[in-house]
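Listing of entry23.txt; format and content: compact mmCIF, C-alpha atoms.
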```
# COMPACT_ATOMS: atom_id res chain seq x y z
CA MET A 1 3.29 -21.23 -10.00
CA LYS A 2 2.59 -19.98 -13.51
CA THR A 3 3.81 -16.56 -14.63
CA LEU A 4 1.55 -14.98 -17.23
CA ARG A 5 2.20 -11.80 -19.20
CA THR A 6 -1.00 -10.93 -21.02
CA ILE A 7 -4.57 -10.18 -20.04
CA ALA A 8 -5.80 -12.95 -22.33
CA GLU A 9 -3.48 -15.50 -20.66
CA ILE A 10 -4.47 -14.70 -17.07
CA ARG A 11 -8.18 -14.66 -17.93
CA ARG A 12 -7.89 -17.98 -19.71
CA ALA A 13 -5.98 -19.53 -16.81
CA LEU A 14 -8.48 -18.33 -14.21
CA GLU A 15 -11.67 -19.04 -16.17
CA PRO A 16 -12.19 -22.60 -14.83
CA HIS A 17 -11.46 -21.48 -11.26
CA HIS A 18 -14.18 -18.83 -11.26
CA ARG A 19 -16.80 -21.56 -11.42
CA ARG A 20 -15.65 -23.56 -8.41
CA SER A 21 -13.07 -21.65 -6.37
CA THR A 22 -12.54 -18.46 -4.39
CA ILE A 23 -9.82 -16.31 -5.92
CA ALA A 24 -7.51 -13.90 -4.08
CA LEU A 25 -5.54 -11.07 -5.68
CA VAL A 26 -2.49 -9.48 -4.08
CA PRO A 27 -1.54 -6.39 -6.13
CA THR A 28 2.18 -5.52 -5.85
CA MET A 29 4.87 -3.58 -7.65
CA GLY A 30 7.37 -6.36 -7.15
CA ALA A 31 10.59 -6.20 -5.10
CA LEU A 32 8.81 -8.66 -2.83
CA HIS A 33 9.72 -9.11 0.84
CA ALA A 34 8.36 -10.62 4.05
CA GLY A 35 5.57 -8.05 4.17
CA HIS A 36 4.27 -9.40 0.87
CA VAL A 37 4.60 -12.95 2.17
CA ALA A 38 2.24 -11.99 5.01
CA LEU A 39 -0.27 -10.92 2.34
CA PHE A 40 0.21 -14.19 0.46
CA ASP A 41 -0.24 -16.20 3.67
CA ALA A 42 -3.49 -14.38 4.49
CA ALA A 43 -4.72 -14.90 0.94
CA ARG A 44 -3.77 -18.58 1.03
CA ARG A 45 -5.73 -19.12 4.25
CA ALA A 46 -8.83 -17.38 2.92
CA CYS A 47 -8.99 -18.53 -0.70
CA ASP A 48 -8.48 -21.51 -2.97
CA VAL A 49 -6.47 -19.70 -5.65
CA VAL A 50 -3.94 -16.91 -5.06
CA VAL A 51 -2.88 -14.47 -7.79
CA VAL A 52 -0.11 -11.92 -7.34
CA SER A 53 0.22 -9.07 -9.80
CA VAL A 54 3.74 -7.72 -10.26
CA PHE A 55 3.59 -4.42 -12.09
CA VAL A 56 5.52 -1.21 -11.48
CA ASN A 57 2.71 1.16 -12.32
CA PRO A 58 4.15 4.27 -14.00
CA SER A 59 0.97 6.28 -13.50
CA GLN A 60 1.59 6.27 -9.72
CA PHE A 61 4.90 8.12 -10.13
CA ALA A 62 5.07 11.86 -10.68
CA ASP A 63 8.87 11.77 -10.60
CA PRO A 64 10.51 9.77 -13.42
CA VAL A 65 13.68 9.47 -11.34
CA ASP A 66 11.71 7.79 -8.55
CA LEU A 67 10.17 5.41 -11.10
CA ALA A 68 13.59 4.54 -12.53
CA ARG A 69 14.98 3.91 -9.04
CA TYR A 70 12.21 1.55 -7.98
CA PRO A 71 13.86 -1.85 -7.36
CA HIS A 72 13.31 -4.72 -9.81
CA ASN A 73 14.22 -8.37 -9.36
CA GLU A 74 11.84 -10.61 -11.25
CA ALA A 75 13.68 -13.87 -10.55
CA HIS A 76 13.66 -13.15 -6.82
CA ASP A 77 9.97 -12.22 -6.92
CA GLU A 78 9.03 -15.44 -8.69
CA ARG A 79 10.98 -17.59 -6.22
CA LEU A 80 9.49 -15.86 -3.19
CA ALA A 81 5.92 -15.95 -4.51
CA ALA A 82 6.19 -19.61 -5.54
CA GLY A 83 7.65 -20.51 -2.15
CA ALA A 84 4.71 -18.78 -0.45
CA GLY A 85 2.19 -20.88 -2.35
CA VAL A 86 1.05 -18.36 -4.93
CA ASP A 87 -0.67 -20.05 -7.87
CA PHE A 88 -0.43 -17.42 -10.60
CA CYS A 89 1.84 -14.41 -11.12
CA PHE A 90 0.43 -11.79 -13.49
CA ALA A 91 3.39 -9.73 -14.69
CA PRO A 92 2.24 -7.58 -17.62
CA THR A 93 4.28 -5.01 -19.51
CA VAL A 94 3.35 -1.35 -19.42
CA ASP A 95 2.04 -1.59 -22.99
CA GLU A 96 -0.24 -4.47 -21.99
CA LEU A 97 -2.08 -2.37 -19.39
CA TYR A 98 -1.61 1.04 -21.04
CA PRO A 99 -1.62 0.44 -24.80
CA SER A 100 -1.06 3.22 -27.29
CA GLY A 101 -3.87 5.76 -27.14
CA TYR A 102 -4.86 4.87 -23.56
CA ALA A 103 -7.00 7.74 -22.24
CA THR A 104 -9.22 6.52 -19.36
CA TRP A 105 -8.46 7.30 -15.72
CA VAL A 106 -10.21 6.71 -12.39
CA GLN A 107 -10.24 9.67 -10.00
CA VAL A 108 -11.12 9.20 -6.33
CA ASP A 109 -11.65 12.28 -4.16
CA GLY A 110 -12.38 12.08 -0.43
CA PRO A 111 -9.69 9.80 1.04
CA ALA A 112 -7.30 10.56 -1.83
CA GLN A 113 -6.95 14.20 -0.80
CA ASP A 114 -4.27 15.57 1.56
CA LEU A 115 -1.32 13.61 2.98
CA GLU A 116 -0.02 11.40 0.15
CA GLY A 117 -2.53 12.95 -2.23
CA ALA A 118 -1.09 16.41 -1.59
CA SER A 119 2.53 15.26 -1.54
CA ARG A 120 2.28 13.12 -4.68
CA PRO A 121 -0.16 14.71 -7.14
CA GLY A 122 -1.74 12.13 -9.42
CA HIS A 123 -0.52 9.20 -7.33
CA PHE A 124 -3.93 7.97 -6.24
CA ARG A 125 -5.36 8.44 -9.72
CA GLY A 126 -2.75 5.91 -10.83
CA VAL A 127 -3.55 3.60 -7.91
CA ALA A 128 -7.30 3.75 -8.53
CA THR A 129 -6.91 3.18 -12.26
CA VAL A 130 -4.58 0.20 -12.05
CA CYS A 131 -6.60 -1.40 -9.24
CA THR A 132 -9.80 -1.03 -11.26
CA LYS A 133 -8.08 -2.66 -14.23
CA LEU A 134 -6.67 -5.50 -12.13
CA PHE A 135 -10.02 -6.16 -10.46
CA ASN A 136 -11.66 -6.32 -13.90
CA ILE A 137 -8.94 -8.56 -15.35
CA VAL A 138 -8.58 -11.04 -12.48
CA ALA A 139 -12.13 -10.79 -11.07
CA PRO A 140 -10.99 -11.79 -7.56
CA HIS A 141 -13.38 -12.49 -4.72
CA LEU A 142 -10.93 -10.93 -2.24
CA ALA A 143 -8.02 -8.53 -2.64
CA PHE A 144 -5.30 -8.12 0.01
CA PHE A 145 -3.47 -4.91 0.92
CA GLY A 146 -1.03 -3.93 3.67
CA GLN A 147 -1.84 -1.56 6.53
CA LYS A 148 1.41 0.30 5.90
CA ASP A 149 -0.33 2.10 3.03
CA ALA A 150 -3.33 3.03 5.16
CA GLN A 151 -4.45 5.92 2.96
CA GLN A 152 -4.20 3.71 -0.14
CA VAL A 153 -6.43 1.15 1.59
CA ALA A 154 -9.00 3.87 2.26
CA VAL A 155 -8.84 4.99 -1.37
CA VAL A 156 -9.29 1.44 -2.70
CA ARG A 157 -12.18 0.76 -0.35
CA ARG A 158 -13.91 3.95 -1.48
CA LEU A 159 -13.27 2.96 -5.11
CA VAL A 160 -14.87 -0.45 -4.55
CA ARG A 161 -17.82 1.03 -2.73
CA ASP A 162 -18.53 3.90 -5.10
CA LEU A 163 -18.15 1.86 -8.29
CA ASN A 164 -19.99 -1.19 -6.89
CA LEU A 165 -17.06 -3.49 -7.63
CA ASP A 166 -17.64 -7.10 -6.61
CA VAL A 167 -14.52 -7.64 -4.52
CA GLU A 168 -13.88 -7.69 -0.77
CA ILE A 169 -10.85 -5.77 0.50
CA ARG A 170 -8.84 -7.41 3.28
CA VAL A 171 -6.10 -5.56 5.19
CA VAL A 172 -3.05 -7.24 6.72
CA PRO A 173 -1.12 -5.63 9.62
CA ILE A 174 2.23 -3.98 9.04
CA VAL A 175 5.25 -6.29 9.09
CA ARG A 176 8.26 -4.72 10.78
CA ASP A 177 11.93 -5.55 10.99
CA LEU A 178 13.54 -6.28 14.35
CA ASP A 179 14.41 -2.58 14.77
CA GLY A 180 10.78 -1.56 14.20
CA LEU A 181 11.18 -0.19 10.68
CA ALA A 182 8.20 -1.10 8.49
CA LEU A 183 9.23 -3.38 5.65
CA SER A 184 9.25 -1.59 2.29
CA SER A 185 10.74 -2.31 -1.10
CA ARG A 186 12.46 1.08 -0.96
CA ASN A 187 14.42 0.19 2.19
CA VAL A 188 17.10 -1.51 0.06
CA HIS A 189 18.24 1.96 -1.02
CA LEU A 190 19.01 3.06 2.56
CA SER A 191 22.68 3.18 3.46
CA PRO A 192 23.62 1.71 6.88
CA GLU A 193 23.77 5.24 8.32
CA GLU A 194 20.40 6.16 6.80
CA ARG A 195 18.90 2.91 8.06
CA ALA A 196 19.98 3.82 11.59
CA ARG A 197 18.28 7.21 11.25
CA ALA A 198 15.13 5.74 9.67
CA VAL A 199 14.14 3.90 12.87
CA ALA A 200 13.22 7.32 14.26
CA VAL A 201 9.98 7.01 12.26
CA PRO A 202 8.55 3.99 14.16
CA ARG A 203 9.89 5.48 17.40
CA ALA A 204 7.95 8.65 16.64
CA LEU A 205 4.81 6.58 16.08
CA ASP A 206 5.36 4.83 19.42
CA ALA A 207 5.73 8.20 21.13
CA GLY A 208 2.59 9.49 19.47
CA LEU A 209 0.59 6.41 20.47
CA THR A 210 1.79 6.71 24.07
CA ALA A 211 0.82 10.38 24.12
CA PHE A 212 -2.58 9.58 22.68
CA ARG A 213 -3.25 7.01 25.40
CA ASP A 214 -2.22 9.60 27.99
CA HIS A 215 -4.68 12.11 26.45
CA ARG A 216 -1.86 14.24 25.10
CA ASP A 217 -1.24 15.48 21.55
CA PRO A 218 0.09 12.52 19.50
CA VAL A 219 1.18 14.76 16.62
CA ALA A 220 3.29 16.97 18.88
CA ALA A 221 4.82 13.93 20.57
CA ALA A 222 5.71 12.29 17.26
CA ARG A 223 7.13 15.51 15.84
CA ALA A 224 9.28 15.96 18.94
CA VAL A 225 11.06 12.68 18.15
CA LEU A 226 11.72 13.59 14.51
CA SER A 227 12.36 17.34 14.68
CA GLY A 228 15.97 18.38 14.39
CA LEU A 229 17.32 14.94 13.52
CA PRO A 230 20.10 15.29 10.93
CA GLY A 231 19.23 13.69 7.62
CA VAL A 232 15.52 13.31 8.46
CA ASP A 233 13.13 15.72 6.73
CA ILE A 234 9.48 15.62 7.79
CA ASP A 235 6.85 15.76 5.06
CA TYR A 236 3.87 15.42 7.38
CA VAL A 237 2.79 14.15 10.77
CA ALA A 238 -0.99 14.03 11.12
CA VAL A 239 -3.94 12.17 12.55
CA ALA A 240 -6.26 11.14 9.74
CA ASP A 241 -9.65 9.51 10.10
CA PHE A 242 -9.70 6.67 7.57
CA GLU A 243 -13.22 5.25 7.45
CA GLY A 244 -13.78 5.87 11.13
CA GLN A 245 -10.34 4.65 12.20
CA PRO A 246 -8.17 7.51 13.49
CA THR A 247 -4.61 6.87 12.39
CA LEU A 248 -1.36 8.64 13.20
CA ALA A 249 0.49 8.91 9.88
CA ILE A 250 4.05 10.01 9.13
CA ALA A 251 5.92 10.67 5.90
CA ALA A 252 9.58 11.66 6.06
CA ARG A 253 12.66 11.59 3.87
CA VAL A 254 15.81 9.93 5.09
CA GLY A 255 18.44 10.93 2.60
CA ALA A 256 16.82 10.44 -0.81
CA ILE A 257 14.35 7.79 0.40
CA ARG A 258 10.82 8.75 1.33
CA LEU A 259 9.33 6.60 4.09
CA ILE A 260 5.69 6.36 5.12
CA ASP A 261 4.37 4.64 8.24
CA ASN A 262 1.35 4.77 10.51
CA VAL A 263 -0.30 3.39 13.61
CA PRO A 264 -4.05 3.15 14.23
CA LEU A 265 -5.36 5.01 17.27
CA GLU A 266 -8.22 3.70 19.36
CA LEU A 267 -11.43 5.69 19.03
CA GLU A 268 -11.84 6.00 22.79
CA GLY A 269 -10.26 9.20 23.97
CA LEU A 270 -9.71 10.76 20.54
CA GLY A 271 -12.36 13.42 21.14
CA ASN A 272 -10.54 14.64 24.24
CA ALA A 273 -7.24 14.61 22.40
CA VAL A 274 -8.67 16.67 19.56
CA ASN A 275 -10.55 19.15 21.74
CA ASN A 276 -7.90 19.70 24.37
CA ASN A 277 -4.68 19.39 22.41
CA GLY A 278 -5.48 20.70 18.96
CA VAL A 279 -4.66 17.47 17.17
CA GLU A 280 -4.98 17.72 13.42
CA ARG A 281 -7.80 15.39 12.38
CA ILE A 282 -8.29 14.89 8.66
CA SER A 283 -11.66 13.29 8.06
CA ARG A 284 -11.80 10.76 5.25
```

Please re-express this file's structure in structure tokens.
Amino acid sequence: MKTLRTIAEIRRALEPHHRRSTIALVPTMGALHAGHVALFDAARRACDVVVVSVFVNPSQFADPVDLARYPHNEAHDERLAAGAGVDFCFAPTVDELYPSGYATWVQVDGPAQDLEGASRPGHFRGVATVCTKLFNIVAPHLAFFGQKDAQQVAVVRRLVRDLNLDVEIRVVPIVRDLDGLALSSRNVHLSPEERARAVAVPRALDAGLTAFRDHRDPVAAARAVLSGLPGVDIDYVAVADFEGQPTLAIAARVGAIRLIDNVPLELEGLGNAVNNNGVERISR
């Protein structure tokens, strides 16, 4: 695997492959784990050349403390990516992607509103901008994202559609630990006690999905699991319609760590759940 730092280097390295190969891009912010490996494996199966970008994008962070706390381990990331068969790692500096005087931003409405968009103002503007830049720099045929960030996937798909970008978005299912907690780079900051409390989030999703299948209110069922738990503060529990896929989404803080998770809900029966149980449905 080659690690490249500049736009000129990655373009030069990929130029011969564009003529004869299919190229996959896996955008990441580093701190790689088994969830990222699942993305690499899917990319490896689908394409000839796999590129991972490792870039902690400052424009996605409204809170400088959160940005400073985001885990970094470049040596680990390179070993894991190389072991998973990644061909190129694009690891630019902030100045490389946002040079002095940078003043152009990509704003997506629609799926970027509410939920994470309301909780983290400017977050999806940063996501849309950096993804547009990466798609232009790497020119991948396919780009791979995880289902854990379901709203982000919807935003990126709308970005690609509305701007007529020539890239296909593929989504890989959530990878969970043995206790059900969705893998996330931020999980390393959970203390053992916080980790034990955090599993309430996937349990709440399970309860919501069961309620949904029983034609009961999935939001109320999920909230019932989380409400009143010490050290767990709910940001939102909602059913959002991401491109026709109703999804039960949760964001909650466990200590200082903000966790997001979701589970898709089957379309069949959602109408009854909405009409009879007052489920919040956010159309995107």

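For the point (-9.1, 7.3, 2.6), the residues with at least one atom inside 9 Å, counting all atoms listed in the file, are Asp109, Gly110, Pro111, Ala112, Gln113, Ala150, Gln151, Gln152, Val153, Ala154, Val155, Val156, Arg157, Arg158, Ala240, Asp241, Phe242, Glu243, Ser283 and Arg284 of chain A.
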
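For region 18-27 of chain A, the set of protein, DNA and RNA residues having any atom at most 8 Å away, when counting all atoms listed in the file and skipping those fewer than 4 positions along the same chain, is Leu14, Leu39, Phe40, Ala43, Arg44, Ala46, Cys47, Asp48, Val49, Val50, Val51, Val52, Ser53, Val54, Cys131, Leu134, Val138, Ala139, Pro140, His141, Leu142, Ala143, Phe144 and Phe145 of chain A.
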
- Message: To one decimal place in Å, what is the distance between CA of Glu193 (chain A) and CA of Val225 (chain A)?
- Response: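 Computing it gives 17.7 Å between the two atoms.
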
- Could you jot down the CA of Tyr70 (chain A) to CA of Leu259 (chain A) separation for me, Å, one decimal place?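 Interatomic distance here is 13.4 Å.
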
- Interatomic distance between CA of Asn187 (chain A) and CA of Pro202 (chain A)?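 Calculated distance between CA of Asn187 (chain A) and CA of Pro202 (chain A) is 13.9 Å.
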
- Item | Top pick for closest residue to Glu194 (chain A), considering A:Ile234, A:Gly30, A:Ile174, A:Gly255 and counting only C-alpha atoms |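 Once distances to Glu194 (chain A) are computed over only C-alpha atoms, the minimum belongs to A:Gly255.
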
Set the distance at 9 Å and use all atoms listed in the file: which residues neighbour Ala251 (chain A) once local chain neighbours fewer than 2 positions away are removed? I'd like the list as a PDB file with C-alpha atoms, in the frame of the given file.
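Result file is around_34.pdb:
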```pdb
ATOM      1  CA  LEU A 115      -1.320  13.610   2.980  1.00  0.00           C
ATOM      2  CA  GLU A 116      -0.020  11.400   0.150  1.00  0.00           C
ATOM      3  CA  VAL A 201       9.980   7.010  12.260  1.00  0.00           C
ATOM      4  CA  ASP A 233      13.130  15.720   6.730  1.00  0.00           C
ATOM      5  CA  ILE A 234       9.480  15.620   7.790  1.00  0.00           C
ATOM      6  CA  ASP A 235       6.850  15.760   5.060  1.00  0.00           C
ATOM      7  CA  TYR A 236       3.870  15.420   7.380  1.00  0.00           C
ATOM      8  CA  VAL A 237       2.790  14.150  10.770  1.00  0.00           C
ATOM      9  CA  ALA A 249       0.490   8.910   9.880  1.00  0.00           C
ATOM     10  CA  ARG A 253      12.660  11.590   3.870  1.00  0.00           C
ATOM     11  CA  ARG A 258      10.820   8.750   1.330  1.00  0.00           C
ATOM     12  CA  LEU A 259       9.330   6.600   4.090  1.00  0.00           C
ATOM     13  CA  ILE A 260       5.690   6.360   5.120  1.00  0.00           C
ATOM     14  CA  ASP A 261       4.370   4.640   8.240  1.00  0.00           C
ATOM     15  CA  ASN A 262       1.350   4.770  10.510  1.00  0.00           C
TER      16      ASN A 262
END
```

- Between A:Gln60, A:Arg186, A:Pro218, A:Ala84, which has the minimum distance to Ala38 (chain A) (counting all atoms listed in the file)?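 Among the listed residues, the smallest separation from Ala38 (chain A) belongs to A:Ala84.
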
- Skip Arg5 (chain A) itself and residues of its chain fewer than 3 positions away, then list as a list in words all residues within 12 Å of it, counting only C-alpha atoms. Lys2, Ala8, Glu9, Ile10, Arg11, Arg12, Ala13, Ser53, Val54, Phe55, Phe88, Cys89, Phe90, Ala91, Pro92, Thr93, Val94, Asp95, Glu96 and Leu97 of chain A

Please produce an output containing C-alpha atoms for each residue in the selection, written as a compact mmCIF listing (two decimals), keeping the file's coordinate frame.
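The file below, result.txt, is the result:
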```txt
# COMPACT_ATOMS: atom_id res chain seq x y z
CA LYS A 2 2.59 -19.98 -13.51
CA ALA A 8 -5.80 -12.95 -22.33
CA GLU A 9 -3.48 -15.50 -20.66
CA ILE A 10 -4.47 -14.70 -17.07
CA ARG A 11 -8.18 -14.66 -17.93
CA ARG A 12 -7.89 -17.98 -19.71
CA ALA A 13 -5.98 -19.53 -16.81
CA SER A 53 0.22 -9.07 -9.80
CA VAL A 54 3.74 -7.72 -10.26
CA PHE A 55 3.59 -4.42 -12.09
CA PHE A 88 -0.43 -17.42 -10.60
CA CYS A 89 1.84 -14.41 -11.12
CA PHE A 90 0.43 -11.79 -13.49
CA ALA A 91 3.39 -9.73 -14.69
CA PRO A 92 2.24 -7.58 -17.62
CA THR A 93 4.28 -5.01 -19.51
CA VAL A 94 3.35 -1.35 -19.42
CA ASP A 95 2.04 -1.59 -22.99
CA GLU A 96 -0.24 -4.47 -21.99
CA LEU A 97 -2.08 -2.37 -19.39
```

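The closest residue to Leu32 (chain A), picked from A:Val106, A:Val160, A:Ile169, A:Val188 and counting all atoms listed in the file, is A:Val188.
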
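The residue that comes closest to Val56 (chain A), out of A:Arg120, A:Leu181, A:Val127, A:Asp114 and on the basis of all atoms listed in the file, is A:Val127.
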
- Taking all atoms listed in the file into account, which of A:Asp149, A:Asp166, A:Asp41, A:Glu266 comes nearest Asn136 (chain A)?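 Answer, going by the shortest atom-to-atom distance: A:Asp166.
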
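Each of A:Leu190, A:Val263, A:Phe61, A:Ala256 was compared to Gly117 (chain A) using all atoms listed in the file, and A:Phe61 turns out to be the nearest.
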
Taking (7.4, -1.3, 5.4) in the coordinates of the supplied file, I want to know which residues reach to within 6 Å of it, counting all atoms listed in the file; could you give the answer as an mmCIF file with C-alpha atoms, keeping the file's coordinate frame?
```cif
data_model
loop_
_atom_site.group_PDB
_atom_site.id
_atom_site.type_symbol
_atom_site.label_atom_id
_atom_site.label_comp_id
_atom_site.auth_asym_id
_atom_site.auth_seq_id
_atom_site.Cartn_x
_atom_site.Cartn_y
_atom_site.Cartn_z
ATOM 1 C CA ALA A 182 8.200 -1.100 8.490
ATOM 2 C CA LEU A 183 9.230 -3.380 5.650
ATOM 3 C CA SER A 184 9.250 -1.590 2.290
#
```
